[in-house]
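**Student:** final.csv is the file, holding CSV, C-alpha atoms:
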chain,number,residue,atom,x,y,z
A,822,MET,CA,-22.6,4.9,1.2
A,823,SER,CA,-20.1,6.8,3.3
A,824,PHE,CA,-18.7,8.9,0.5
A,825,LEU,CA,-19.9,12.0,-1.2
A,826,LEU,CA,-18.6,12.1,-4.8
A,827,ASP,CA,-19.8,14.5,-7.5
A,828,PRO,CA,-22.5,12.6,-9.4
A,829,ASP,CA,-21.1,13.5,-12.8
A,830,VAL,CA,-17.5,12.3,-11.9
A,831,HIS,CA,-16.5,8.7,-12.5
A,832,TYR,CA,-13.7,8.3,-10.0
A,833,LEU,CA,-12.0,5.0,-10.7
A,834,ASN,CA,-8.7,6.1,-9.2
A,835,CYS,CA,-8.4,4.9,-5.5
A,836,ALA,CA,-4.9,3.7,-6.2
A,837,TYR,CA,-4.0,7.3,-6.7
A,838,MET,CA,-5.8,8.7,-3.6
A,839,SER,CA,-9.0,7.6,-1.9
A,840,PRO,CA,-11.7,10.1,-1.2
A,841,LEU,CA,-12.3,10.7,2.5
A,842,PRO,CA,-15.4,8.9,3.9
A,843,HIS,CA,-17.7,11.2,5.8
A,844,SER,CA,-16.9,9.8,9.2
A,845,VAL,CA,-13.1,10.1,8.6
A,846,GLU,CA,-13.5,13.7,7.5
A,847,GLU,CA,-15.5,14.4,10.6
A,848,ALA,CA,-12.9,12.8,12.8
A,849,GLY,CA,-10.4,15.3,11.3
A,850,ARG,CA,-12.7,18.2,12.0
A,851,VAL,CA,-13.0,17.2,15.7
A,852,GLY,CA,-9.3,16.8,16.0
A,853,LEU,CA,-8.7,20.2,14.5
A,854,ALA,CA,-11.1,21.7,17.0
A,855,ARG,CA,-9.2,20.1,19.9
A,856,LYS,CA,-6.1,22.2,19.0
A,857,ARG,CA,-8.2,25.3,19.5
A,858,ARG,CA,-8.5,24.3,23.2
A,859,PRO,CA,-5.1,22.7,24.0
A,860,TRP,CA,-5.8,22.6,27.8
A,861,THR,CA,-8.3,19.8,27.0
A,862,ILE,CA,-5.5,17.6,25.6
A,863,ARG,CA,-4.2,15.4,28.5
A,864,ALA,CA,-0.8,13.6,28.8
A,865,GLU,CA,-2.4,10.3,28.2
A,866,ASP,CA,-3.9,11.5,24.9
A,867,PHE,CA,-0.4,11.4,23.4
A,868,PHE,CA,-0.7,7.6,23.6
A,869,LEU,CA,-4.3,6.6,23.4
A,870,ASP,CA,-4.9,7.4,19.7
A,871,VAL,CA,-1.5,5.9,18.8
A,872,ASP,CA,-2.3,2.6,20.5
A,873,GLU,CA,-5.8,2.4,18.9
A,874,VAL,CA,-4.4,3.0,15.4
A,875,LYS,CA,-1.8,0.2,16.0
A,876,VAL,CA,-4.4,-2.2,17.1
A,877,ARG,CA,-6.6,-1.5,14.2
A,878,PHE,CA,-3.8,-1.7,11.6
A,879,ALA,CA,-2.7,-5.1,13.1
A,880,ASP,CA,-6.3,-6.3,12.7
A,881,VAL,CA,-6.3,-5.3,9.0
A,882,LEU,CA,-3.0,-7.0,8.5
A,883,GLY,CA,-4.3,-10.2,10.2
A,884,THR,CA,-1.9,-10.4,13.1
A,885,SER,CA,-2.3,-10.4,16.8
A,886,ARG,CA,1.2,-9.0,17.3
A,887,ARG,CA,0.0,-5.4,17.6
A,888,GLU,CA,2.9,-4.1,19.6
A,889,GLN,CA,5.1,-4.5,16.5
A,890,VAL,CA,3.2,-1.8,14.6
A,891,ALA,CA,4.8,1.6,14.2
A,892,VAL,CA,3.4,5.0,13.2
A,893,LEU,CA,5.4,6.4,10.3
A,894,PRO,CA,5.2,9.5,8.0
A,895,SER,CA,5.7,7.7,4.7
A,896,VAL,CA,6.6,4.4,3.1
A,897,SER,CA,10.1,5.6,2.4
A,898,TYR,CA,10.7,6.2,6.1
A,899,GLY,CA,9.7,2.6,6.9
A,900,MET,CA,12.0,1.3,4.2
A,901,ALA,CA,14.8,3.5,5.6
A,902,ILE,CA,14.4,1.7,8.9
A,903,VAL,CA,14.8,-1.7,7.2
A,904,ALA,CA,17.8,-0.4,5.2
A,905,ARG,CA,19.5,0.8,8.4
A,906,ASN,CA,19.2,-2.7,9.9
A,907,LEU,CA,19.5,-5.1,7.1
A,908,PRO,CA,22.6,-7.4,7.6
A,909,ILE,CA,23.7,-7.3,3.9
A,910,ARG,CA,27.3,-8.2,2.9
A,911,PRO,CA,29.4,-7.4,-0.1
A,912,GLY,CA,28.4,-9.7,-3.0
A,913,GLN,CA,24.9,-10.2,-1.9
A,914,HIS,CA,21.8,-8.8,-3.7
A,915,ILE,CA,18.4,-7.4,-3.2
A,916,VAL,CA,15.6,-8.7,-5.4
A,917,VAL,CA,12.9,-6.2,-6.6
A,918,ALA,CA,10.3,-6.3,-9.3
A,919,GLY,CA,10.8,-4.2,-12.4
A,920,ALA,CA,9.2,-0.8,-12.5
A,921,GLN,CA,8.5,-1.0,-8.8
A,922,PHE,CA,7.5,2.2,-7.0
A,923,PRO,CA,10.5,4.4,-6.2
A,924,SER,CA,10.1,4.3,-2.4
A,925,ASN,CA,10.8,0.6,-2.6
A,926,VAL,CA,13.8,0.9,-4.9
A,927,HIS,CA,15.9,4.0,-4.0
A,928,PRO,CA,16.7,2.8,-0.4
A,929,TRP,CA,18.1,-0.5,-1.8
A,930,ARG,CA,20.2,1.2,-4.4
A,931,ARG,CA,21.9,3.4,-1.8
A,932,LEU,CA,22.4,0.5,0.5
A,933,ALA,CA,23.8,-1.7,-2.2
A,934,ASP,CA,26.3,1.1,-3.2
A,935,GLN,CA,27.3,1.5,0.4
A,936,ARG,CA,27.8,-2.2,1.1
A,937,GLY,CA,29.2,-3.5,-2.1
A,938,ALA,CA,26.0,-5.3,-3.0
A,939,GLU,CA,23.6,-5.1,-5.9
A,940,VAL,CA,20.0,-4.7,-6.7
A,941,ARG,CA,18.6,-7.5,-8.9
A,942,THR,CA,15.7,-6.2,-10.9
A,943,VAL,CA,13.3,-8.7,-12.4
A,944,VAL,CA,11.5,-7.0,-15.2
A,945,ALA,CA,8.1,-8.1,-16.5
A,946,PRO,CA,8.0,-10.6,-19.4
A,947,ASP,CA,7.6,-8.9,-22.8
A,948,THR,CA,4.2,-10.3,-23.5
A,949,ARG,CA,0.7,-8.9,-23.6
A,950,GLN,CA,-1.1,-11.9,-22.2
A,951,GLY,CA,-0.4,-14.3,-19.3
A,952,ARG,CA,2.6,-12.5,-18.0
A,953,GLY,CA,1.7,-12.8,-14.3
A,954,ALA,CA,2.6,-16.4,-14.1
A,955,ALA,CA,5.9,-15.9,-16.0
A,956,TRP,CA,6.8,-12.9,-13.9
A,957,ASN,CA,6.3,-14.8,-10.7
A,958,GLU,CA,8.4,-17.6,-11.9
A,959,ALA,CA,11.2,-15.2,-12.9
A,960,LEU,CA,11.1,-13.6,-9.4
A,961,HIS,CA,11.2,-17.0,-7.8
A,962,ALA,CA,14.3,-18.0,-9.9
A,963,ALA,CA,16.1,-14.7,-9.0
A,964,ILE,CA,16.1,-15.6,-5.3
A,965,ASP,CA,19.2,-17.6,-4.5
A,966,GLU,CA,21.9,-18.1,-1.8
A,967,ARG,CA,23.2,-14.6,-2.4
A,968,THR,CA,19.9,-13.0,-1.8
A,969,ALA,CA,19.7,-10.8,1.4
A,970,LEU,CA,16.3,-9.2,0.8
A,971,LEU,CA,13.2,-9.6,-1.3
A,972,ALA,CA,11.5,-6.2,-1.4
A,973,ILE,CA,8.2,-6.3,-3.3
A,974,GLY,CA,4.5,-5.4,-3.3
A,975,HIS,CA,1.5,-7.7,-3.1
A,976,VAL,CA,0.3,-6.3,-6.4
A,977,HIS,CA,2.4,-4.2,-8.8
A,978,TRP,CA,1.5,-0.6,-8.3
A,979,ALA,CA,1.4,0.3,-12.0
A,980,ASP,CA,-0.6,-2.6,-13.6
A,981,GLY,CA,-2.0,-4.7,-10.7
A,982,THR,CA,-0.1,-7.9,-11.4
A,983,ARG,CA,-0.4,-10.0,-8.2
A,984,PHE,CA,2.7,-11.6,-6.8
A,985,ASP,CA,2.5,-15.0,-5.1
A,986,LEU,CA,3.8,-13.8,-1.8
A,987,PRO,CA,3.6,-17.1,0.1
A,988,ARG,CA,5.7,-18.9,-2.5
A,989,LEU,CA,8.2,-16.1,-3.0
A,990,ALA,CA,8.6,-15.5,0.8
A,991,ALA,CA,9.1,-19.2,1.4
A,992,ARG,CA,11.9,-19.3,-1.1
A,993,ALA,CA,13.4,-16.2,0.5
A,994,ARG,CA,13.3,-17.8,3.9
A,995,GLU,CA,15.0,-21.0,2.5
A,996,VAL,CA,18.1,-18.9,1.7
A,997,GLY,CA,18.0,-16.7,4.8
A,998,ALA,CA,16.7,-13.5,3.1
A,999,TRP,CA,14.5,-10.9,4.7
A,1000,VAL,CA,11.0,-10.3,3.2
A,1001,VAL,CA,9.8,-6.7,3.1
A,1002,ILE,CA,6.4,-5.9,1.6
A,1003,ASP,CA,5.1,-2.5,0.4
A,1004,GLY,CA,1.4,-3.0,1.0
A,1005,THR,CA,0.3,0.4,-0.1
A,1006,GLN,CA,-1.7,-0.8,-3.2
A,1007,SER,CA,-3.3,-3.9,-1.5
A,1008,ILE,CA,-3.7,-3.6,2.3
A,1009,GLY,CA,-7.3,-2.7,3.0
A,1010,ALA,CA,-8.6,-3.9,-0.4
A,1011,LEU,CA,-7.1,-7.4,-0.9
A,1012,ALA,CA,-6.7,-10.1,1.8
A,1013,PHE,CA,-3.1,-10.2,3.0
A,1014,PRO,CA,-1.8,-13.8,3.8
A,1015,PHE,CA,0.2,-12.6,6.8
A,1016,ASP,CA,0.7,-16.0,8.4
A,1017,GLU,CA,1.8,-17.6,5.1
A,1018,VAL,CA,4.2,-14.8,4.2
A,1019,ARG,CA,5.7,-14.3,7.7
A,1020,PRO,CA,7.2,-10.9,6.6
A,1021,ASP,CA,10.0,-9.1,8.3
A,1022,ALA,CA,8.3,-5.8,7.6
A,1023,VAL,CA,5.1,-4.5,5.9
A,1024,ILE,CA,4.9,-0.8,5.2
A,1025,CYS,CA,1.7,0.8,4.0
A,1026,ALA,CA,0.7,4.4,3.1
A,1027,ALA,CA,-2.6,5.4,4.7
A,1028,TYR,CA,-4.1,7.6,2.0
A,1029,LYS,CA,-5.1,5.0,-0.6
A,1030,TRP,CA,-6.8,1.8,0.3
A,1031,LEU,CA,-6.7,2.5,4.0
A,1032,LEU,CA,-8.9,5.5,3.3
A,1033,GLY,CA,-7.0,7.8,5.6
A,1034,PRO,CA,-5.2,11.2,5.4
A,1035,TYR,CA,-2.1,12.0,3.5
A,1036,GLY,CA,1.3,12.3,5.3
A,1037,LEU,CA,0.8,9.1,7.4
A,1038,ALA,CA,1.9,5.5,6.9
A,1039,LEU,CA,1.9,2.4,9.1
A,1040,GLY,CA,4.5,-0.3,9.4
A,1041,TRP,CA,4.7,-3.7,11.0
A,1042,PHE,CA,8.3,-4.9,11.9
A,1043,GLY,CA,9.1,-8.5,12.6
A,1044,ASP,CA,11.3,-10.2,15.2
A,1045,ALA,CA,14.5,-9.6,13.2
A,1046,LEU,CA,14.1,-5.9,13.6
A,1047,GLN,CA,12.9,-5.7,17.3
A,1048,GLU,CA,16.4,-4.8,18.5
A,1049,GLY,CA,17.1,-2.6,15.5
A,1050,GLU,CA,18.3,1.0,15.3
A,1051,PRO,CA,15.6,3.6,14.6
A,1052,VAL,CA,15.9,6.5,12.1
A,1053,GLU,CA,15.5,9.0,14.8
A,1054,GLU,CA,15.6,9.1,18.6
A,1055,THR,CA,12.2,10.1,20.0
A,1056,TRP,CA,11.2,10.8,23.6
A,1057,ALA,CA,8.0,8.7,23.2
A,1058,GLY,CA,10.0,5.8,22.0
A,1059,ARG,CA,11.6,5.4,25.5
A,1060,ARG,CA,10.5,3.2,28.3
A,1061,GLY,CA,8.4,5.1,30.8
A,1062,SER,CA,7.7,8.0,28.5
A,1063,GLU,CA,4.1,8.0,29.7
A,1064,ASP,CA,5.2,9.8,32.9
A,1065,PHE,CA,5.9,13.3,31.7
A,1066,ARG,CA,7.4,14.2,35.1
A,1067,GLY,CA,10.3,11.8,34.5
A,1068,LEU,CA,11.2,12.7,30.9
A,1069,VAL,CA,14.4,14.5,32.0
A,1070,ASP,CA,15.6,11.3,33.6
A,1071,TYR,CA,16.6,10.4,30.0
A,1072,ALA,CA,15.9,6.7,29.9
A,1073,ASP,CA,18.1,5.0,27.2
A,1074,ALA,CA,16.0,1.8,27.0
A,1075,TYR,CA,13.4,1.7,24.3
A,1076,GLY,CA,9.8,0.9,25.0
A,1077,PRO,CA,8.4,-2.5,24.0
A,1078,GLY,CA,7.8,-3.7,20.5
A,1079,SER,CA,8.3,-1.3,17.5
A,1080,VAL,CA,7.7,1.9,19.5
A,1081,ARG,CA,11.4,2.8,18.8
A,1082,PHE,CA,10.5,3.1,15.1
A,1083,ASP,CA,7.6,5.6,15.6
A,1084,VAL,CA,8.1,8.9,13.9
A,1085,GLY,CA,8.6,12.0,16.1
A,1086,GLN,CA,5.4,13.9,16.9
A,1087,ARG,CA,3.5,10.7,16.1
A,1088,ALA,CA,0.5,11.7,18.3
A,1089,ASN,CA,-1.0,13.9,15.6
A,1090,PHE,CA,-4.4,14.9,17.1
A,1091,ILE,CA,-5.9,15.4,13.7
A,1092,THR,CA,-4.6,12.7,11.4
A,1093,LEU,CA,-4.5,9.8,13.9
A,1094,PRO,CA,-8.2,9.9,14.7
A,1095,MET,CA,-8.9,10.1,11.0
A,1096,ALA,CA,-6.7,7.0,10.4
A,1097,SER,CA,-8.3,5.2,13.3
A,1098,GLU,CA,-11.8,5.8,11.9
A,1099,ALA,CA,-10.7,4.8,8.4
A,1100,LEU,CA,-9.2,1.6,9.7
A,1101,ARG,CA,-12.5,0.8,11.5
A,1102,LEU,CA,-14.4,1.2,8.3
A,1103,VAL,CA,-11.9,-0.9,6.3
A,1104,THR,CA,-12.3,-3.7,8.9
A,1105,ALA,CA,-16.1,-3.4,9.0
A,1106,TRP,CA,-16.4,-3.7,5.2
A,1107,GLY,CA,-13.8,-6.4,4.7
A,1108,THR,CA,-11.6,-7.2,1.7
A,1109,GLU,CA,-14.0,-9.9,0.5
A,1110,ARG,CA,-16.8,-7.3,0.0
A,1111,ILE,CA,-14.5,-4.9,-1.8
A,1112,GLN,CA,-13.1,-7.6,-4.1
A,1113,ALA,CA,-16.6,-8.9,-4.8
A,1114,HIS,CA,-18.0,-5.5,-5.6
A,1115,ALA,CA,-15.1,-4.6,-7.9
A,1116,SER,CA,-15.4,-8.0,-9.7
A,1117,SER,CA,-19.1,-7.3,-10.3
A,1118,LEU,CA,-18.2,-3.9,-11.8
A,1119,TRP,CA,-15.7,-5.5,-14.2
A,1120,ALA,CA,-17.9,-8.3,-15.3
A,1121,PRO,CA,-19.9,-6.4,-18.0
A,1122,VAL,CA,-16.9,-4.5,-19.5
A,1123,LEU,CA,-14.0,-7.0,-19.6
A,1124,GLU,CA,-15.1,-8.7,-22.8
A,1125,PRO,CA,-15.8,-5.4,-24.7
A,1126,LEU,CA,-12.5,-4.1,-23.7
A,1127,THR,CA,-10.5,-7.2,-24.7
A,1128,GLU,CA,-12.4,-7.3,-28.0
A,1129,ALA,CA,-11.3,-3.7,-28.5
A,1130,GLY,CA,-7.7,-4.8,-28.2
A,1131,TYR,CA,-6.9,-4.0,-24.5
A,1132,ALA,CA,-4.8,-6.6,-22.8
A,1133,ILE,CA,-5.9,-7.5,-19.2
A,1134,GLU,CA,-4.0,-9.8,-16.9
A,1135,ASP,CA,-5.6,-13.2,-16.1
A,1136,ALA,CA,-7.9,-13.2,-13.1
A,1137,ALA,CA,-5.6,-15.6,-11.3
A,1138,TRP,CA,-2.8,-13.0,-11.3
A,1139,ARG,CA,-4.6,-9.8,-10.4
A,1140,GLY,CA,-7.0,-8.3,-7.8
A,1141,ALA,CA,-10.2,-6.7,-8.9
A,1142,HIS,CA,-9.4,-3.5,-7.1
A,1143,LEU,CA,-6.5,-2.5,-9.3
A,1144,VAL,CA,-6.3,-3.6,-12.9
A,1145,GLY,CA,-3.9,-2.4,-15.6
A,1146,LEU,CA,-5.3,-2.1,-19.1
A,1147,ARG,CA,-2.5,-2.4,-21.8
A,1148,PRO,CA,-3.8,-0.5,-24.8
A,1149,PRO,CA,-3.9,-1.9,-28.4
A,1150,GLU,CA,-0.7,-1.5,-30.4
A,1151,GLY,CA,-0.4,1.9,-32.1
A,1152,ILE,CA,-3.0,3.6,-30.0
A,1153,ASP,CA,-2.5,7.3,-29.2
A,1154,LEU,CA,-2.4,7.5,-25.4
A,1155,LEU,CA,-2.8,11.2,-25.5
A,1156,ASP,CA,-6.0,10.8,-27.4
A,1157,VAL,CA,-7.2,8.2,-24.9
A,1158,ALA,CA,-6.3,10.6,-22.0
A,1159,SER,CA,-8.3,13.3,-23.7
A,1160,ARG,CA,-11.4,11.1,-24.2
A,1161,LEU,CA,-11.2,10.0,-20.5
A,1162,ALA,CA,-10.9,13.6,-19.3
A,1163,ALA,CA,-13.8,14.7,-21.5
A,1164,ALA,CA,-16.0,12.0,-20.0
A,1165,ARG,CA,-14.8,12.9,-16.5
A,1166,VAL,CA,-13.4,9.4,-16.0
A,1167,HIS,CA,-10.6,9.5,-13.6
A,1168,VAL,CA,-7.9,6.8,-13.9
A,1169,SER,CA,-4.1,6.8,-13.9
A,1170,MET,CA,-1.6,6.4,-16.7
A,1171,ARG,CA,1.3,4.3,-15.2
A,1172,GLY,CA,4.0,3.1,-17.4
A,1173,VAL,CA,2.4,1.3,-20.4
A,1174,SER,CA,-0.8,0.7,-18.5
A,1175,ILE,CA,-4.1,2.5,-17.9
A,1176,ARG,CA,-4.6,1.8,-14.2
A,1177,VAL,CA,-8.2,1.4,-13.1
A,1178,SER,CA,-8.9,1.1,-9.4
A,1179,PRO,CA,-12.5,1.0,-8.3
A,1180,HIS,CA,-13.9,0.8,-4.7
A,1181,LEU,CA,-17.2,0.4,-3.0
A,1182,TYR,CA,-18.4,3.9,-4.0
A,1183,ASN,CA,-18.2,3.1,-7.7
A,1184,THR,CA,-21.2,2.0,-9.8
A,1185,PRO,CA,-21.8,0.2,-13.1
A,1186,GLU,CA,-22.3,3.6,-14.7
A,1187,ASP,CA,-18.8,4.5,-13.9
A,1188,MET,CA,-17.5,1.4,-15.6
A,1189,GLN,CA,-19.7,1.9,-18.7
A,1190,ALA,CA,-18.3,5.5,-18.9
A,1191,LEU,CA,-14.8,4.0,-18.9
A,1192,ARG,CA,-15.7,1.5,-21.6
A,1193,THR,CA,-17.2,4.2,-23.8
A,1194,ALA,CA,-14.2,6.5,-23.4
A,1195,LEU,CA,-11.7,3.7,-24.2
A,1196,THR,CA,-13.6,2.0,-27.0
A,1197,GLY,CA,-15.7,4.7,-28.5
A,1198,GLU,CA,-18.7,2.4,-28.2
A,1199,ASP,CA,-21.9,3.5,-26.4
A,1200,ALA,CA,-22.9,0.5,-24.3
A,1201,ASN,CA,-26.5,1.8,-23.9
A,1202,ALA,CA,-26.9,2.3,-27.6
A,1203,SER,CA,-26.2,-1.4,-28.3
A,1204,THR,CA,-28.7,-2.8,-25.9
Can you present the structure in this file as structure tokens?
**Tutor:**
Amino acid sequence: MSFLLDPDVHYLNCAYMSPLPHSVEEAGRVGLARKRRPWTIRAEDFFLDVDEVKVRFADVLGTSRREQVAVLPSVSYGMAIVARNLPIRPGQHIVVAGAQFPSNVHPWRRLADQRGAEVRTVVAPDTRQGRGAAWNEALHAAIDERTALLAIGHVHWADGTRFDLPRLAARAREVGAWVVIDGTQSIGALAFPFDEVRPDAVICAAYKWLLGPYGLALGWFGDALQEGEPVEETWAGRRGSEDFRGLVDYADAYGPGSVRFDVGQRANFITLPMASEALRLVTAWGTERIQAHASSLWAPVLEPLTEAGYAIEDAAWRGAHLVGLRPPEGIDLLDVASRLAAARVHVSMRGVSIRVSPHLYNTPEDMQALRTALTGEDANAST
């Protein structure tokens, strides 16, 4: 396997931050060494890594429209691009899921305040079992003729509930609303139905399921945004910027595709090669393999956990890579956290869920350690 984890650590927390694969770390070392010898960095190097990352991210997304990918510093930056260009009118609304990650909420609150619109938040149904289907129905019902934007993830970041993006996006298109997806907790681990969703934008942080460095995100911007206004005016976003001799001619025309949305100093010679190698690995492994492995890890522990009172979403409404365990009523979460820490089991507490997010580097032993910490039962002792 391409990862080096401490053998006595059970890291079930890729949704928090992935470990760096060996080859990704090595790409960073090579990039760092290049800065030691800046005379070896050519003008074309400011573009080659950028283009390669865009091609590989488009491949992960499942689209051939690679020129519409942009290099970003964060998800919030990508959402700011959408907010700057969304044609929203007074009285319209933006639909979001309840307890959504803040980067996909704060831009819409500000925009709604500025334009006399509102944010319509669809909270999760108050039920311990089977809420995925009901939540999706409530989101579908919230989209109407006054909807300007559906802003949502593929899975909920806190508990892993999967949203039926093709159906929700189809409803949004019926009423003329934009569809913007935060793919941070799914892209790279769960197949993304790009052609069915036909999104207006997909934004994704690189440091989780894309296995890349922190401080980097990638975005795909659809046709509605191709003539949009960027957050900043960069030299590399201009047509003809490859010719350094002509930079002071100050071309006003933007380059093709989504290059206008690229962040300034996008050609980071350390993080971009890392991201490129990480995307290569993600593509080589494939989401089917990741989901199959994660499913095999869950199989022996799901029943013991549910018998112990933990509520787990139906398989039809979650991915195997990110699962929220809702604890039994009355359980002391501080005590649970203490037991997990003592067993060196790393997960995340998010809202009312214990978020467990395995990847290819995890083993059945990791899951049994999780089970023991959560239930107090020693699986090996009972066999």
**Student:** For each of A:Gly953, A:Pro1094, A:Gly899, A:Gly981, take the minimum atom-to-atom distance to Ala1022 (chain A), counting all atoms listed in the file, then give the residue where this is smallest.
**Tutor:**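 Once distances to Ala1022 (chain A) are computed over all atoms listed in the file, the minimum belongs to A:Gly899.
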**Student:** So the first atom is CA of Ala1113 (chain A) and the second is CA of Ser839 (chain A); what is the distance between them in Å, to one decimal place?
**Tutor:**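 Distance reported for this atom pair: 18.4 Å.
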**Student:** Residues of region 1104-1187 of chain A that approach region 998-1021 of chain A to 9 Å or less, counting all atoms listed in the file: could you list each one with the shortest pair of atoms and its distance in Å to one decimal, rows by chain and increasing residue number, as a Markdown table?
**Tutor:**
| residue | atom | partner | partner_atom | distance |
| --- | --- | --- | --- | --- |
| A:Thr1104 | CA | A:Gly1009 | CA | 7.8 |
| A:Gly1107 | CA | A:Gly1009 | CA | 7.7 |
| A:Thr1108 | CA | A:Ala1010 | CA | 4.9 |
| A:Glu1109 | CA | A:Ala1012 | CA | 7.4 |
| A:Arg1110 | CA | A:Ala1010 | CA | 8.9 |
| A:Ile1111 | CA | A:Ala1010 | CA | 6.1 |
| A:Gln1112 | CA | A:Leu1011 | CA | 6.8 |
| A:Gly1140 | CA | A:Leu1011 | CA | 7.0 |
| A:Ala1141 | CA | A:Leu1011 | CA | 8.6 |
| A:His1142 | CA | A:Ala1010 | CA | 6.8 |
| A:Leu1143 | CA | A:Gln1006 | CA | 7.9 |
| A:His1180 | CA | A:Ala1010 | CA | 8.3 |
**Student:** Please determine, counting all atoms listed in the file, which residue among A:Trp956, A:Gln1086, A:Phe1042, A:Tyr837 has the shortest atom-to-atom distance to Arg886 (chain A).
**Tutor:**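 That would be A:Phe1042, the residue with the smallest distance to Arg886 (chain A).
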**Student:** For Arg1060 (chain A), work out the shell of residues within 10 Å, counting all atoms listed in the file and skipping chain neighbours fewer than 5 positions away, then give it as a PDB file with C-alpha atoms, keeping the file's coordinate frame.
**Tutor:**
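Okay, this is what ended up in out-v5.pdb:
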ATOM      1  CA  LEU A1068      11.200  12.700  30.900  1.00  0.00           C
ATOM      2  CA  TYR A1071      16.600  10.400  30.000  1.00  0.00           C
ATOM      3  CA  ALA A1072      15.900   6.700  29.900  1.00  0.00           C
ATOM      4  CA  ASP A1073      18.100   5.000  27.200  1.00  0.00           C
ATOM      5  CA  ALA A1074      16.000   1.800  27.000  1.00  0.00           C
ATOM      6  CA  TYR A1075      13.400   1.700  24.300  1.00  0.00           C
ATOM      7  CA  GLY A1076       9.800   0.900  25.000  1.00  0.00           C
ATOM      8  CA  PRO A1077       8.400  -2.500  24.000  1.00  0.00           C
ATOM      9  CA  VAL A1080       7.700   1.900  19.500  1.00  0.00           C
ATOM     10  CA  ARG A1081      11.400   2.800  18.800  1.00  0.00           C
TER      11      ARG A1081
END
**Student:** Which one is closest to Glu1053 (chain A): A:Arg931, A:Arg905, A:Arg855, A:Arg1066? Count all atoms listed in the file.
**Tutor:**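 Answer, going by the shortest atom-to-atom distance: A:Arg905.
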**Student:** Near Asn957 (chain A), within 9 Å and counting only C-alpha atoms, which residues show up once chain neighbours fewer than 4 positions away are dropped, as a list in words?
**Tutor:** Arg952, Gly953, His961, Ala962, Arg983, Phe984, Asp985 and Leu989 of chain A
**Student:** Please measure the separation of CA of Val1144 (chain A) and CA of Met1170 (chain A), giving the value in Å to one decimal.
**Tutor:**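 Those two atoms sit 11.7 Å apart.
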**Student:** Of the candidates A:Trp1106, A:Trp978, A:Tyr1028, A:Phe878, which one gets nearest to Trp1041 (chain A) if we count all atoms listed in the file?
**Tutor:**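 Between A:Trp1106, A:Trp978, A:Tyr1028, A:Phe878, the residue approaching Trp1041 (chain A) most closely is A:Phe878.
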**Student:** Could you jot down the CA of Pro894 (chain A) to CA of Arg863 (chain A) separation for me, Å, one decimal place?
**Tutor:**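 So the answer is 23.3 Å.
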**Student:** Which residue is closest to Ser1169 (chain A)? Choose from A:Asp980, A:Glu939, A:Asp947, A:Asp827 and count all atoms listed in the file.
**Tutor:**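 Of A:Asp980, A:Glu939, A:Asp947, A:Asp827, the one nearest Ser1169 (chain A) is A:Asp980, counting all atoms listed in the file.
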**Student:** My list of candidates is A:Gln950, A:Trp1119, A:Gly1033, A:Pro1051. Which is closest to Asp1135 (chain A) when distances are computed with all atoms listed in the file?
**Tutor:** A:Gln950
**Student:** Once you count all atoms listed in the file, which residues end up no further than 9 Å from (12.5, -7.1, 14.5) in the file's frame, shown as an MDAnalysis selection string?
**Tutor:** chainID A and resid 889 1021:1022 1042:1049 1078:1079
**Student:** Could you write those residues out with C-alpha atoms, as a JSON list (two decimals), in the coordinates of the input?
**Tutor:**
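Okay, again-v1.json is ready:
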[["chain", "number", "residue", "atom", "x", "y", "z"],
["A", 889, "GLN", "CA", 5.10, -4.50, 16.50],
["A", 1021, "ASP", "CA", 10.00, -9.10, 8.30],
["A", 1022, "ALA", "CA", 8.30, -5.80, 7.60],
["A", 1042, "PHE", "CA", 8.30, -4.90, 11.90],
["A", 1043, "GLY", "CA", 9.10, -8.50, 12.60],
["A", 1044, "ASP", "CA", 11.30, -10.20, 15.20],
["A", 1045, "ALA", "CA", 14.50, -9.60, 13.20],
["A", 1046, "LEU", "CA", 14.10, -5.90, 13.60],
["A", 1047, "GLN", "CA", 12.90, -5.70, 17.30],
["A", 1048, "GLU", "CA", 16.40, -4.80, 18.50],
["A", 1049, "GLY", "CA", 17.10, -2.60, 15.50],
["A", 1078, "GLY", "CA", 7.80, -3.70, 20.50],
["A", 1079, "SER", "CA", 8.30, -1.30, 17.50]]
**Student:** Select from region 1062-1135 of chain A every residue with an atom at most 12 Å from any atom of region 856-861 of chain A, then for each give the shortest pair of atoms and their distance in Å to one decimal, using only C-alpha atoms, rows by chain and rising number, as CSV.
**Tutor:**
residue,atom,partner,partner_atom,distance
A:Asn1089,CA,A:Lys856,CA,10.3
A:Phe1090,CA,A:Lys856,CA,7.7
A:Ile1091,CA,A:Lys856,CA,8.6
**Student:** For a cutoff of 12 Å around the file-coordinate point (8.7, -5.1, -12.5), which residues qualify once you count all atoms listed in the file? I'd like the result as a ChimeraX atom specification.
**Tutor:** /A:916-923,925-926,941-947,952-953,955-957,959-960,972-974,976-984,1172-1173
